[in-house]
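Asks: Next comes protein-v9.txt, compact mmCIF, C-alpha atoms:
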# COMPACT_ATOMS: atom_id res chain seq x y z
CA MET T 1 -3.00 24.91 19.48
CA GLU T 2 -2.32 25.83 15.90
CA ASN T 3 -4.32 24.61 12.98
CA ILE T 4 -2.68 22.27 10.49
CA HIS T 5 -3.03 22.80 6.78
CA ILE T 6 -1.08 20.67 4.34
CA PRO T 7 -1.84 21.01 0.63
CA GLY T 8 -2.00 17.71 -1.15
CA SER T 9 0.24 16.85 -4.07
CA HIS T 10 0.88 14.20 -6.70
CA ASP T 11 4.53 14.10 -7.54
CA GLY T 12 5.43 10.45 -7.68
CA TYR T 13 4.37 10.20 -4.06
CA PHE T 14 0.81 11.16 -3.12
CA VAL T 15 0.50 13.63 -0.27
CA PRO T 16 -3.03 13.94 1.11
CA THR T 17 -4.60 17.30 1.83
CA VAL T 18 -4.91 17.88 5.56
CA ASP T 19 -6.97 20.47 7.42
CA PHE T 20 -7.09 20.18 11.20
CA ASN T 21 -8.99 23.10 12.68
CA TYR T 22 -8.82 23.77 16.39
CA GLN T 23 -11.50 26.49 16.32
CA ASN T 24 -14.31 24.26 15.04
CA GLY T 25 -12.91 20.85 15.99
CA ILE T 26 -13.10 19.55 12.43
CA CYS T 27 -10.24 17.46 11.11
CA GLU T 28 -10.28 16.61 7.44
CA ILE T 29 -7.94 14.48 5.36
CA SER T 30 -8.56 13.91 1.67
CA GLY T 31 -6.97 12.73 -1.54
CA GLU T 32 -4.46 9.90 -1.65
CA SER T 33 -1.81 8.80 0.80
CA PHE T 34 1.39 7.18 -0.38
CA LEU T 35 4.37 8.89 1.15
CA GLU T 36 8.10 8.71 1.14
CA GLU T 37 8.21 8.68 4.94
CA THR T 38 4.79 7.80 6.25
CA ASN T 39 5.57 8.04 9.94
CA VAL T 40 7.22 11.46 9.54
CA PHE T 41 4.07 12.75 7.86
CA TYR T 42 1.53 11.25 10.24
CA ALA T 43 3.35 11.70 13.57
CA PRO T 44 2.47 15.44 13.86
CA LEU T 45 -1.14 14.71 12.92
CA ILE T 46 -1.40 12.06 15.61
CA ALA T 47 0.28 14.39 18.12
CA TRP T 48 -2.20 17.17 17.21
CA ILE T 49 -5.17 14.89 17.81
CA ARG T 50 -3.65 13.69 21.08
CA ASP T 51 -3.28 17.32 22.24
CA TYR T 52 -6.78 18.19 21.07
CA THR T 53 -8.31 15.33 23.04
CA LYS T 54 -6.92 16.91 26.21
CA THR T 55 -9.34 19.83 25.69
CA GLY T 56 -12.40 17.62 26.07
CA LEU T 57 -14.07 19.39 23.11
CA PRO T 58 -16.07 17.56 20.41
CA LEU T 59 -14.09 16.36 17.42
CA ILE T 60 -15.32 15.63 13.92
CA PHE T 61 -12.99 13.61 11.71
CA ASN T 62 -13.88 13.72 8.02
CA CYS T 63 -11.94 11.28 5.89
CA LYS T 64 -12.09 11.62 2.13
CA LEU T 65 -9.12 9.45 1.28
CA THR T 66 -9.65 7.43 -1.86
CA TYR T 67 -6.36 5.56 -1.77
CA PHE T 68 -3.77 4.77 0.88
CA ASN T 69 -0.93 2.30 0.80
CA THR T 70 -0.11 -0.25 3.48
CA SER T 71 2.12 2.04 5.54
CA SER T 72 -0.58 4.71 5.54
CA THR T 73 -3.12 2.09 6.57
CA LYS T 74 -1.17 1.56 9.76
CA SER T 75 -1.00 5.28 10.52
CA LEU T 76 -4.73 5.70 9.96
CA LEU T 77 -5.32 2.79 12.30
CA ASP T 78 -3.29 4.63 14.95
CA ILE T 79 -5.50 7.71 14.47
CA PHE T 80 -8.72 5.72 14.78
CA LYS T 81 -7.45 3.94 17.87
CA LEU T 82 -6.72 7.33 19.40
CA LEU T 83 -10.20 8.59 18.53
CA LYS T 84 -11.77 5.49 20.05
CA LYS T 85 -9.78 6.00 23.25
CA TYR T 86 -11.03 9.60 23.38
CA GLU T 87 -14.58 8.36 22.98
CA ILE T 88 -14.13 5.79 25.77
CA ASP T 89 -12.73 8.54 27.98
CA GLY T 90 -15.90 10.57 27.44
CA GLY T 91 -15.00 12.65 24.39
CA GLN T 92 -17.57 13.33 21.68
CA VAL T 93 -16.24 11.91 18.43
CA THR T 94 -17.85 11.78 14.99
CA VAL T 95 -16.05 10.03 12.15
CA ASN T 96 -17.32 10.31 8.59
CA TRP T 97 -15.73 8.59 5.62
CA TYR T 98 -16.84 9.87 2.23
CA TYR T 99 -16.30 7.24 -0.44
CA ASP T 100 -17.46 5.84 -3.75
CA ASN T 101 -19.53 2.78 -2.90
CA GLU T 102 -18.45 1.12 -6.14
CA ASP T 103 -14.96 0.92 -4.68
CA LEU T 104 -15.27 -2.38 -2.85
CA ASP T 105 -11.60 -2.48 -1.78
CA LEU T 106 -12.03 0.84 0.00
CA GLU T 107 -15.33 -0.21 1.51
CA GLU T 108 -13.66 -3.32 2.89
CA ALA T 109 -10.81 -1.26 4.32
CA ILE T 110 -13.26 1.03 6.13
CA GLN T 111 -15.12 -1.96 7.51
CA ASP T 112 -11.81 -3.32 8.79
CA TYR T 113 -11.17 -0.11 10.70
CA ILE T 114 -14.61 -0.37 12.29
CA THR T 115 -13.93 -3.97 13.28
CA ASP T 116 -10.39 -3.38 14.49
CA THR T 117 -11.08 -0.29 16.59
CA GLY T 118 -14.74 -0.55 17.57
CA LEU T 119 -15.12 3.03 16.38
CA LYS T 120 -18.33 4.02 14.63
CA ILE T 121 -17.44 5.30 11.17
CA ASN T 122 -20.27 6.79 9.13
CA MET T 123 -19.77 5.58 5.57
CA ILE T 124 -21.14 8.23 3.24
CA ASN T 125 -21.40 7.61 -0.49
CA PHE T 126 -20.43 10.56 -2.64
CA MET G 1 26.14 -3.26 -2.97
CA GLU G 2 27.52 -5.20 -5.89
CA PHE G 3 25.25 -7.95 -7.00
CA LYS G 4 27.11 -11.05 -8.05
CA GLY G 5 25.45 -13.81 -9.94
CA GLY G 6 23.06 -11.34 -11.51
CA HIS G 7 23.16 -12.54 -15.09
CA GLU G 8 21.40 -15.80 -14.41
CA SER G 9 18.79 -14.08 -12.29
CA LEU G 10 18.15 -11.38 -14.86
CA LEU G 11 17.81 -14.02 -17.53
CA ARG G 12 15.19 -15.78 -15.41
CA LEU G 13 13.35 -12.51 -14.85
CA SER G 14 13.46 -11.74 -18.55
CA THR G 15 12.14 -15.22 -19.33
CA MET G 16 9.29 -14.81 -16.87
CA ILE G 17 8.29 -11.52 -18.48
CA GLN G 18 8.50 -13.01 -21.98
CA GLU G 19 6.45 -16.04 -20.95
CA THR G 20 3.62 -13.80 -19.81
CA GLU G 21 1.07 -13.73 -22.58
CA GLY G 22 0.05 -10.35 -23.85
CA ASP G 23 1.61 -7.00 -24.45
CA ASN G 24 4.50 -5.74 -22.41
CA LEU G 25 3.25 -2.29 -21.57
CA MET G 26 5.66 -0.85 -19.10
CA VAL G 27 9.10 -1.76 -17.85
CA TYR G 28 11.19 0.12 -15.32
CA LYS G 29 14.71 -0.68 -14.23
CA GLY G 30 16.59 1.43 -11.76
CA ALA G 31 16.25 3.17 -8.44
CA PHE G 32 12.78 3.20 -6.94
CA ASP G 33 12.62 6.91 -6.36
CA ARG G 34 9.69 9.00 -7.62
CA MET G 35 10.17 8.02 -11.24
CA PRO G 36 8.43 4.60 -11.37
CA PHE G 37 5.53 5.94 -9.32
CA SER G 38 5.06 8.80 -11.76
CA MET G 39 5.26 6.32 -14.61
CA ILE G 40 2.51 4.08 -13.25
CA GLU G 41 0.35 7.12 -12.63
CA THR G 42 0.68 8.18 -16.26
CA TYR G 43 0.27 4.62 -17.42
CA CYS G 44 -2.98 4.10 -15.52
CA GLU G 45 -4.36 7.42 -16.71
CA GLY G 46 -3.88 6.12 -20.26
CA LEU G 47 -5.96 3.00 -19.69
CA SER G 48 -9.10 4.64 -20.99
CA GLU G 49 -10.83 1.32 -21.57
CA GLU G 50 -10.57 0.28 -17.93
CA SER G 51 -12.80 1.23 -15.03
CA PRO G 52 -11.46 3.43 -12.23
CA VAL G 53 -11.59 0.38 -9.94
CA VAL G 54 -9.30 -1.65 -12.21
CA LYS G 55 -6.89 1.27 -12.64
CA LYS G 56 -6.74 1.69 -8.89
CA LYS G 57 -6.06 -2.01 -8.39
CA ILE G 58 -3.19 -1.95 -10.90
CA ARG G 59 -1.69 1.12 -9.29
CA SER G 60 -2.15 -0.21 -5.76
CA VAL G 61 -0.42 -3.51 -6.53
CA PHE G 62 2.35 -1.71 -8.41
CA VAL G 63 2.96 0.69 -5.52
CA GLU G 64 3.21 -2.09 -2.92
CA MET G 65 5.55 -4.18 -5.07
CA ALA G 66 7.66 -1.14 -5.90
CA GLN G 67 7.88 -0.21 -2.25
CA ASN G 68 9.07 -3.71 -1.45
CA ILE G 69 11.92 -3.19 -3.87
CA ASN G 70 12.67 0.17 -2.33
CA PHE G 71 12.72 -1.28 1.19
CA TYR G 72 14.47 -4.57 0.62
CA SER G 73 16.70 -4.48 -2.44
CA LEU G 74 20.34 -4.92 -1.56
CA GLU G 75 21.26 -2.76 -4.51
CA GLN G 76 20.93 0.88 -3.56
CA SER G 77 21.21 4.11 -5.49
CA GLY G 78 20.68 7.53 -3.98
CA GLY G 79 19.12 6.00 -0.88
CA CYS G 80 16.57 4.02 -2.90
CA GLY G 81 16.39 0.33 -3.62
CA VAL G 82 17.18 -0.75 -7.17
CA GLY G 83 15.23 -3.36 -9.10
CA TYR G 84 12.97 -4.14 -12.01
CA ILE G 85 9.24 -4.01 -12.51
CA SER G 86 7.03 -4.61 -15.50
CA VAL G 87 3.34 -4.41 -16.30
CA ASN G 88 1.93 -6.67 -19.00
CA ARG G 89 -1.55 -6.80 -20.35
CA SER G 90 -2.55 -10.45 -20.14
CA LYS G 91 -5.57 -12.41 -21.28
CA ASP G 92 -7.52 -11.89 -18.06
CA GLY G 93 -6.07 -8.64 -16.82
CA TYR G 94 -2.69 -7.14 -16.02
CA THR G 95 0.37 -8.96 -14.80
CA ILE G 96 2.91 -7.20 -12.65
CA ILE G 97 6.37 -8.70 -12.25
CA SER G 98 9.09 -7.43 -9.95
CA GLY G 99 12.70 -8.44 -9.47
CA ASN G 100 15.26 -7.44 -6.88
CA THR G 101 18.12 -8.65 -4.76
CA ALA G 102 17.63 -9.48 -1.09
CA ASP G 103 19.53 -10.70 1.91
CA GLU G 104 18.87 -13.98 3.66
CA HIS G 105 16.76 -12.42 6.42
CA HIS G 106 14.33 -10.87 3.96
CA PHE G 107 14.33 -13.96 1.79
CA ASN G 108 13.41 -16.18 4.76
CA ARG G 109 10.57 -13.94 5.86
CA LEU G 110 9.19 -13.51 2.35
CA ASN G 111 9.51 -17.22 1.60
CA THR G 112 7.63 -18.14 4.78
CA ARG G 113 4.95 -15.57 4.13
CA ILE G 114 4.33 -16.51 0.53
CA LYS G 115 4.21 -20.22 1.36
CA LYS G 116 1.62 -19.45 4.04
CA MET G 117 -0.36 -17.26 1.65
CA GLU G 118 -0.57 -20.13 -0.84
CA LEU G 119 -2.70 -21.99 1.70
CA LEU G 120 -5.14 -19.11 2.17
CA ASN G 121 -8.07 -17.89 0.13
CA ASN G 122 -9.04 -14.23 -0.14
CA ASP G 123 -11.20 -14.33 3.00
CA THR G 124 -8.56 -15.94 5.18
CA LEU G 125 -5.88 -13.72 3.65
CA HIS G 126 -7.96 -10.81 4.80
CA GLY G 127 -7.97 -12.09 8.38
CA PHE G 128 -4.23 -12.68 8.12
CA ILE G 129 -3.45 -9.09 7.11
CA GLN G 130 -5.74 -7.70 9.79
CA LYS G 131 -3.77 -9.67 12.38
CA LEU G 132 -0.48 -8.39 10.96
CA MET G 133 -1.75 -4.84 10.93
CA LEU G 134 -2.70 -4.95 14.59
CA GLU G 135 0.82 -6.04 15.50
CA ASN G 136 3.34 -3.29 15.98
CA PHE G 137 5.74 -3.04 13.11
CA ASP G 138 8.72 -0.91 12.32
CA TYR G 139 7.93 1.79 9.77
CA SER G 140 11.43 1.49 8.37
CA GLU G 141 10.36 -1.81 6.91
CA ASN G 142 6.73 -2.62 6.28
CA ALA G 143 7.23 -6.23 7.34
CA ASN G 144 6.03 -7.53 3.98
CA ILE G 145 2.46 -6.58 4.77
CA GLY G 146 2.26 -5.04 1.32
CA VAL G 147 2.93 -8.44 -0.22
CA VAL G 148 -0.22 -9.76 1.44
CA GLN G 149 -2.16 -6.64 0.50
CA CYS G 150 -1.28 -7.15 -3.19
CA ALA G 151 -2.70 -10.67 -3.15
CA ILE G 152 -5.93 -9.41 -1.60
CA ILE G 153 -6.32 -6.54 -4.06
CA ALA G 154 -5.47 -8.73 -7.05
CA ASN G 155 -7.49 -11.64 -5.68
CA SER G 156 -4.85 -14.06 -6.93
CA HIS G 157 -1.76 -15.89 -5.77
CA TYR G 158 1.85 -15.15 -6.60
CA GLU G 159 4.12 -16.99 -8.93
CA TYR G 160 7.65 -16.57 -7.70
CA GLU G 161 11.28 -17.56 -8.07
CA PHE G 162 13.92 -17.28 -5.40
CA VAL G 163 17.41 -17.76 -6.78
CA LYS G 164 20.35 -18.08 -4.43
CA THR G 165 23.34 -16.31 -5.89
CA ASP G 166 26.99 -17.16 -5.56
CA ASN G 167 27.51 -14.60 -2.80
CA GLY G 168 24.89 -16.19 -0.55
CA LYS G 169 22.29 -13.55 -1.39
CA TYR G 170 19.03 -13.97 -3.29
CA PHE G 171 17.33 -12.68 -6.40
CA ILE G 172 13.60 -12.51 -5.88
CA THR G 173 11.07 -12.48 -8.69
CA LEU G 174 7.38 -12.04 -7.92
CA LYS G 175 4.54 -12.19 -10.40
CA ILE G 176 0.89 -11.47 -9.75
CA GLU G 177 -2.10 -10.89 -11.99
CA VAL G 178 -4.75 -8.26 -11.43
CA LYS G 179 -7.89 -9.62 -13.01
CA THR G 180 -9.92 -7.21 -15.10
CA ILE G 181 -13.52 -6.68 -14.13
CA LYS G 182 -15.46 -7.05 -17.35
CA LYS G 183 -17.70 -4.19 -18.31
CA ASP G 184 -21.34 -4.98 -19.06
Please rewrite the model in this file as structure tokens.
Replies:
Amino acid sequence: MENIHIPGSHDGYFVPTVDFNYQNGICEISGESFLEETNVFYAPLIAWIRDYTKTGLPLIFNCKLTYFNTSSTKSLLDIFKLLKKYEIDGGQVTVNWYYDNEDLDLEEAIQDYITDTGLKINMINF
Amino acid sequence: MEFKGGHESLLRLSTMIQETEGDNLMVYKGAFDRMPFSMIETYCEGLSEESPVVKKKIRSVFVEMAQNINFYSLEQSGGCGVGYISVNRSKDGYTIISGNTADEHHFNRLNTRIKKMELLNNDTLHGFIQKLMLENFDYSENANIGVVQCAIIANSHYEYEFVKTDNGKYFITLKIEVKTIKKD
């Protein structure tokens, strides 16, 4: 498997920074997510995680997104569902979401993911 | 696609903007490519008196409404939907108004959704969007989920006008206010 690195950008659309590392099993996504073609952006990330889960190795997913639009919300939900499935199948999954706890909209969104997927997400104020 | 019957609709949109109390701070008319998104970014950066939370709310609502125009406007330019959007500073916050053409299918879905949303408070709206999000939807159209998201973020209901035009299409005007959180 190859690592994924996508540098984030702000050019009308907001491309998040992505670092998925096969060697240490750490996947990180940060910045803001509002894309021209959301599914085109997220499909390879979802495919990468799906392939990684076939290895049976531990996976740490660090999310540092501060903003994501509705389409991105759906893609993130697909990722968290996949991680939950991996956990149910015996995989070791840790999900951390670094956020500003004064941002109540974001806090609510994270809570929704926990409710909707049953996945434990560690909410870390920073 | 040529939009017939546009003058009356544009007049209504213009009236709605003018009737909004406060300063008209930003207006965009045209294709919803990168330009309006860059504009709102710059605009929010300039709101030095507002908290980051308020700026984010304004930008979030703007983005969802702008994307609706991009997805659903019958008028197209360069592969992007064409429409209008404005941001006004109002007494209690910021009012965002959008206007675009739409076909009957989109009108019917939007009309049904907004009428349903009028009956919901912020808590029940939240449950509503969670249900929608768990349903499978086509990425090529966000199924108007963004419209619900705007109401939740803004914590207010829409004012709206749906005008049927002489070619059997619709001109849709949506208005929503993002309330400002007062600083201590």
Asks: Hey, which of T:Glu32, T:Asp51, T:Asp112, T:Asp89 ends up closest to Asn69 in chain T? Count only C-alpha atoms.
Replies: T:Glu32
Asks: Would you kindly report the residues of chain G within 6 Å of chain T, using only C-alpha atoms, as a list in words?
Replies: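 Residues satisfying the distance criterion: Arg34, Phe37, Ser38 and Gly146 of chain G.
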Asks: In Å, rounded to a single decimal, give me how far CA of Val63 in chain G is from CA of Asn122 in chain T.
Replies: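 CA of Val63 in chain G lies at a distance of 28.1 Å from CA of Asn122 in chain T.
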Asks: Using all atoms listed in the file, find the one residue out of T:Phe61, T:Phe80, T:Phe126, T:Tyr22 that sits nearest to Val95 in chain T.
Replies: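 Between T:Phe61, T:Phe80, T:Phe126, T:Tyr22, the residue approaching Val95 in chain T most closely is T:Phe61.
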Asks: CA of Ala31 in chain G and CA of Val178 in chain G are how many Å apart?
Replies: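 Distance reported for this atom pair: 24.1 Å.
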